[in-house]
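In what follows, a structure is listed as structure tokens, so that the remarks can point back to it.
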Amino acid sequence: MPIYEQLYDVVSGNLREAGETFSYYKTTFLSDVGNAPQVIDVSQYLELSNEQFYQALFVAAFKRLPEEKEERRWRKRYHMPAAEFQKKVLVFVANASVVAINHIRLVNNPYFAQRRGIRYRMMGMLYGLTDKSSLRELGKKLPQPIQRVIRKVFL
Amino acid sequence: MKIYVDVSVLTLATFVTGIQRVTREIIVRLQESPIGEVILLHYNAAEDIYHRIDNKAFRNYYVLHQGVKEHMITEETVALSEIGRGAVFFDLDAAWMCRLKRSWLLPILKKQGARIVAHIYDIISVTHPQYCLERGVYNFMDYIGGHLQYADAIIVNAQATVAELEKLCGRIGCSLPPCYVVMLGADFKERKAVEDHAVDAGLVQAADSPYLLMVGTIEPRKNHKLLLKAYDYSLKEQGYHIIFAGYMGWKMEKFEKALKAHPDYGRGVYHFTDLKDEAISYLYQHAKFLVFASYTEGFGLPIIESIQRGTPVLAADVAVYREIAGEYCILFEQDNVQELCRRVEEYDREPERYALLKEKMKEFWFWTWDMAAAEMEEVLATVEKDK
């Protein structure tokens, strides 16, 4: 882990020198490193601040940073008690189509047991249909707003 | 020896350029080599398992352009437990874009006794993250961190990258795995001249006056703005057009706006996208110079391709360009518009010097894909022997 921490410092330092800031928090990166592809071990995230918790969980599940609009919505809740906030974030993540499509499991979750019912399985099957380069080529020809929606749901 | 290569990113890519192209060229040669059995892997995120890719179908699709890409991926699964002693896991593709994190995968393979070899094209995401997409930088940190800890060997394409890696390892406190420099290949086939009627009329019109050309995705690190500045500084007066051939990439909104708002846009300043190989060849064929102004690169394949086509190159004075083709390029100080324009003017004034340069380029000794693949095979064999 020290290597990853140092790497993060080098990259964020280089960005700073170039007059930019790295939007990914160090806590997001360090809690993400070494994780199995379909597992989010919630216990690793519980000590983070609300803001860090939201970003780290979001990146672990969606493999991208939240968009400004999404983040703004959650920013209003950063003042909430940690347990309440964490549960809300976890419910949001557990219900996301990306999580179902990629069969991501939330383990060591102290708040609730993740339901992996019909929807979860159906979305998983959908992945089989969408993991096709021909569809990807077709998607690239669609208007940008539609591409953005598709990316949000499937990628 | 069994050589496992994760080609998930290549198989999902809609364009085979850059890293995907290198991956393809090396794999088709490894498949023919007696070095061992090549097992190509496609990661299925929903099933969390590797599926084997049919070697013959891969070849048919990528070499003979036959068949359907999806049909390459077979139902046969490859469990990670299979990749152990006697196996080499060769990370050749842009695997940081794959959902299977190397920080998780590599320690498992290492524990099982597999040897690990990584092809590190560059570490620009670490050294110059401002030129990259944040998401790519984030994923690359995981990838490079994994390989610096677990790789038995690292293949790079230039000594300059070894120097960058050494510097990085010094900063993060780890030892650098053995590094091998293997230059990338270039197509060696004889190219036929492309006639005017074979390309779009817009290209013919743009190429009607002498012009400077930039080829490749328009992204911050490639420094396209320099050529636009040079056009305004004196290239226009000198009677030159400038042509950008490539997709508009990330973080280029400001440049795109400036380009389209330029009074000479479409009448001296041109931008073409979605060009076929033939059209690119046409542009190379008629260009006075290829301009390669990037701040940093892992290799700079367009320089080689330009020299191969007999088009002189004006390149920024960057360590890697000096290393791969320094004496065949005209170097100018990075970001120095005046010097770039001065160089063009010099060669305009002395046409015999320009002719000499074109003549000298014929002596350039090209590294072929066969050579590159053979050197990589040697690295794989060495690593397997050293176990």
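Naming scheme: A, B, ... for chains in displayed order of the structure tokens; residues 1 onward per chain; ligands 1 onward as shown.
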Should the cut-off be 9 Å, what would the residue list for chain B against chain A look like, counting only C-alpha atoms, as a CSV table (one decimal) with C-alpha atoms, in the first residue's frame?
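Done, and the output landed in iface_25.csv:
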```
chain,number,residue,atom,x,y,z
B,11,THR,CA,-11.5,-6.8,-28.5
B,12,LEU,CA,-13.8,-4.0,-27.3
B,13,ALA,CA,-12.1,-1.2,-29.3
B,14,THR,CA,-13.8,0.1,-32.4
B,44,ASN,CA,-16.3,-10.8,-18.9
B,45,ALA,CA,-17.2,-8.4,-16.1
B,46,ALA,CA,-20.7,-9.9,-15.5
B,47,GLU,CA,-19.4,-13.4,-15.0
B,48,ASP,CA,-16.1,-12.2,-13.5
B,69,LYS,CA,-15.4,-10.0,-33.8
B,70,GLU,CA,-17.8,-11.4,-31.2
B,99,ARG,CA,-12.4,-3.7,-14.9
B,100,LEU,CA,-10.0,-6.4,-13.6
B,101,LYS,CA,-7.6,-4.3,-11.5
B,102,ARG,CA,-4.0,-5.3,-11.7
B,103,SER,CA,-3.5,-4.4,-8.0
B,104,TRP,CA,-5.9,-7.4,-7.3
B,105,LEU,CA,-4.9,-9.7,-10.2
B,107,PRO,CA,-0.5,-10.7,-6.6
B,125,SER,CA,-0.4,9.6,-16.8
B,126,VAL,CA,2.0,9.9,-13.9
B,127,THR,CA,4.6,12.4,-15.2
B,128,HIS,CA,2.1,14.7,-17.1
B,129,PRO,CA,-1.3,13.9,-15.8
B,130,GLN,CA,-2.6,17.3,-16.9
B,134,GLU,CA,-8.6,11.9,-14.9
B,135,ARG,CA,-10.3,8.6,-15.1
B,137,VAL,CA,-4.9,8.6,-14.7
B,138,TYR,CA,-6.7,7.0,-11.8
B,139,ASN,CA,-6.8,3.6,-13.5
B,141,MET,CA,-2.0,4.5,-11.1
B,142,ASP,CA,-3.4,1.1,-10.1
B,145,GLY,CA,1.6,0.3,-9.1
B,146,GLY,CA,0.8,-3.3,-9.6
B,148,LEU,CA,6.2,-2.1,-10.4
B,149,GLN,CA,5.6,-4.5,-7.5
B,168,LEU,CA,9.5,7.3,-10.4
B,171,ARG,CA,10.4,8.8,-5.7
B,172,ILE,CA,8.0,6.1,-4.5
B,173,GLY,CA,10.6,3.9,-2.9
B,174,CYS,CA,10.5,0.7,-4.9
```
Contact table segment 306-354 of chain B vs segment 212-216 of chain B, cut-off 12 Å, shortest pair per residue, only C-alpha atoms, as a Markdown table:
```
| residue | atom | partner | partner_atom | distance |
| --- | --- | --- | --- | --- |
| B:Ser306 | CA | B:Val215 | CA | 9.7 |
| B:Thr311 | CA | B:Leu213 | CA | 9.9 |
| B:Pro312 | CA | B:Leu212 | CA | 10.1 |
| B:Val313 | CA | B:Leu213 | CA | 9.5 |
| B:Leu314 | CA | B:Leu212 | CA | 9.2 |
| B:Ala315 | CA | B:Met214 | CA | 10.7 |
| B:Leu340 | CA | B:Leu212 | CA | 11.0 |
| B:Cys341 | CA | B:Leu212 | CA | 10.8 |
| B:Val344 | CA | B:Leu212 | CA | 9.4 |
```
Exercise for the section: From segment 78-231 of chain B, collect each residue whose DSSP state is helix (DSSP H, G or I) and return the set as an MDAnalysis selection string. Expected result: chainID B and resid 80:82 95:97 102:111 124:127 129:131 134:150 159:172 196:198 201:206 220:222 224:231
Find the residues near Ala373 of chain B: any atom within 8 Å, counting only C-alpha atoms, skip ones fewer than 3 places away on the same chain, and give them as an mmCIF file with N, CA and C atoms, in the first residue's frame.
```cif
data_model
loop_
_atom_site.group_PDB
_atom_site.id
_atom_site.type_symbol
_atom_site.label_atom_id
_atom_site.label_comp_id
_atom_site.auth_asym_id
_atom_site.auth_seq_id
_atom_site.Cartn_x
_atom_site.Cartn_y
_atom_site.Cartn_z
ATOM 1 N N ILE B 26 1.821 -7.622 -32.451
ATOM 2 C CA ILE B 26 2.674 -8.528 -31.678
ATOM 3 C C ILE B 26 1.994 -9.887 -31.525
ATOM 4 N N ARG B 29 2.105 -12.315 -34.408
ATOM 5 C CA ARG B 29 3.444 -12.892 -34.588
ATOM 6 C C ARG B 29 3.757 -13.909 -33.493
ATOM 7 N N LEU B 30 3.332 -13.616 -32.271
ATOM 8 C CA LEU B 30 3.551 -14.579 -31.181
ATOM 9 C C LEU B 30 2.834 -15.898 -31.481
ATOM 10 N N TRP B 369 7.817 -4.985 -37.398
ATOM 11 C CA TRP B 369 7.014 -5.652 -36.361
ATOM 12 C C TRP B 369 7.573 -7.041 -36.075
ATOM 13 N N ASP B 370 8.117 -7.692 -37.095
ATOM 14 C CA ASP B 370 8.729 -9.017 -36.875
ATOM 15 C C ASP B 370 9.876 -8.904 -35.873
ATOM 16 N N MET B 376 10.513 -9.240 -28.125
ATOM 17 C CA MET B 376 9.602 -9.452 -26.985
ATOM 18 C C MET B 376 9.570 -10.929 -26.608
ATOM 19 N N GLU B 377 9.600 -11.800 -27.614
ATOM 20 C CA GLU B 377 9.648 -13.248 -27.338
ATOM 21 C C GLU B 377 10.867 -13.582 -26.490
#
```
Exercise for the section: Could you tell me how far atom CA of Leu106 of chain A lies from atom CA of Asp91 of chain B, in Å and to one decimal? Expected result: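 Going from atom CA of Leu106 of chain A over to atom CA of Asp91 of chain B covers 29.0 Å.
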Shell around Glu84 of chain A at 10 Å using only C-alpha atoms, local window under 4 positions removed, as a CSV table (one decimal) with N, CA and C atoms, in the first residue's frame:
```
chain,number,residue,atom,x,y,z
A,50,ASN,N,-18.1,11.8,5.4
A,50,ASN,CA,-19.3,11.6,4.5
A,50,ASN,C,-18.9,11.9,3.0
A,77,ARG,N,-26.3,16.6,1.7
A,77,ARG,CA,-26.5,15.7,2.8
A,77,ARG,C,-25.2,15.4,3.6
A,80,MET,N,-25.2,15.2,7.5
A,80,MET,CA,-26.0,14.2,8.2
A,80,MET,C,-25.1,13.3,9.1
A,88,LYS,N,-27.7,5.7,3.2
A,88,LYS,CA,-28.4,6.3,2.0
A,88,LYS,C,-27.5,6.0,0.8
A,89,VAL,N,-26.2,6.2,0.9
A,89,VAL,CA,-25.3,6.0,-0.2
A,89,VAL,C,-25.3,4.6,-0.6
A,111,TYR,N,-25.4,-2.2,7.4
A,111,TYR,CA,-26.7,-1.6,7.4
A,111,TYR,C,-27.8,-2.5,6.9
```
Exercise for the section: Tell me which protein, DNA and RNA residues are within 9 Å of segment 179-188 of chain B, counting only C-alpha atoms, leaving out same-chain ones fewer than 2 positions away, and put them as a PyMOL selection string. Expected result: chain B and resi 22+25+153-159+161-162+176-177+190-191+299+301+304-305+308+324+366-373+375-376+379
Handout entry: Two-atom distance - atom CA of Leu331 of chain B, atom CA of Ile124 of chain B (Å)
Key = 21.3 Å
Exercise for the section: Can you pull out every residue within 10 Å of Gln205 of chain B, counting only C-alpha atoms, but drop anything in the same chain fewer than 6 positions away, and send it as a ChimeraX atom specification? Expected result: /B:196,266-268
Fill in the blank from the handout: The distance between atom CA of Ser209 of chain B and atom CA of Tyr282 of chain B is 13.7 Å
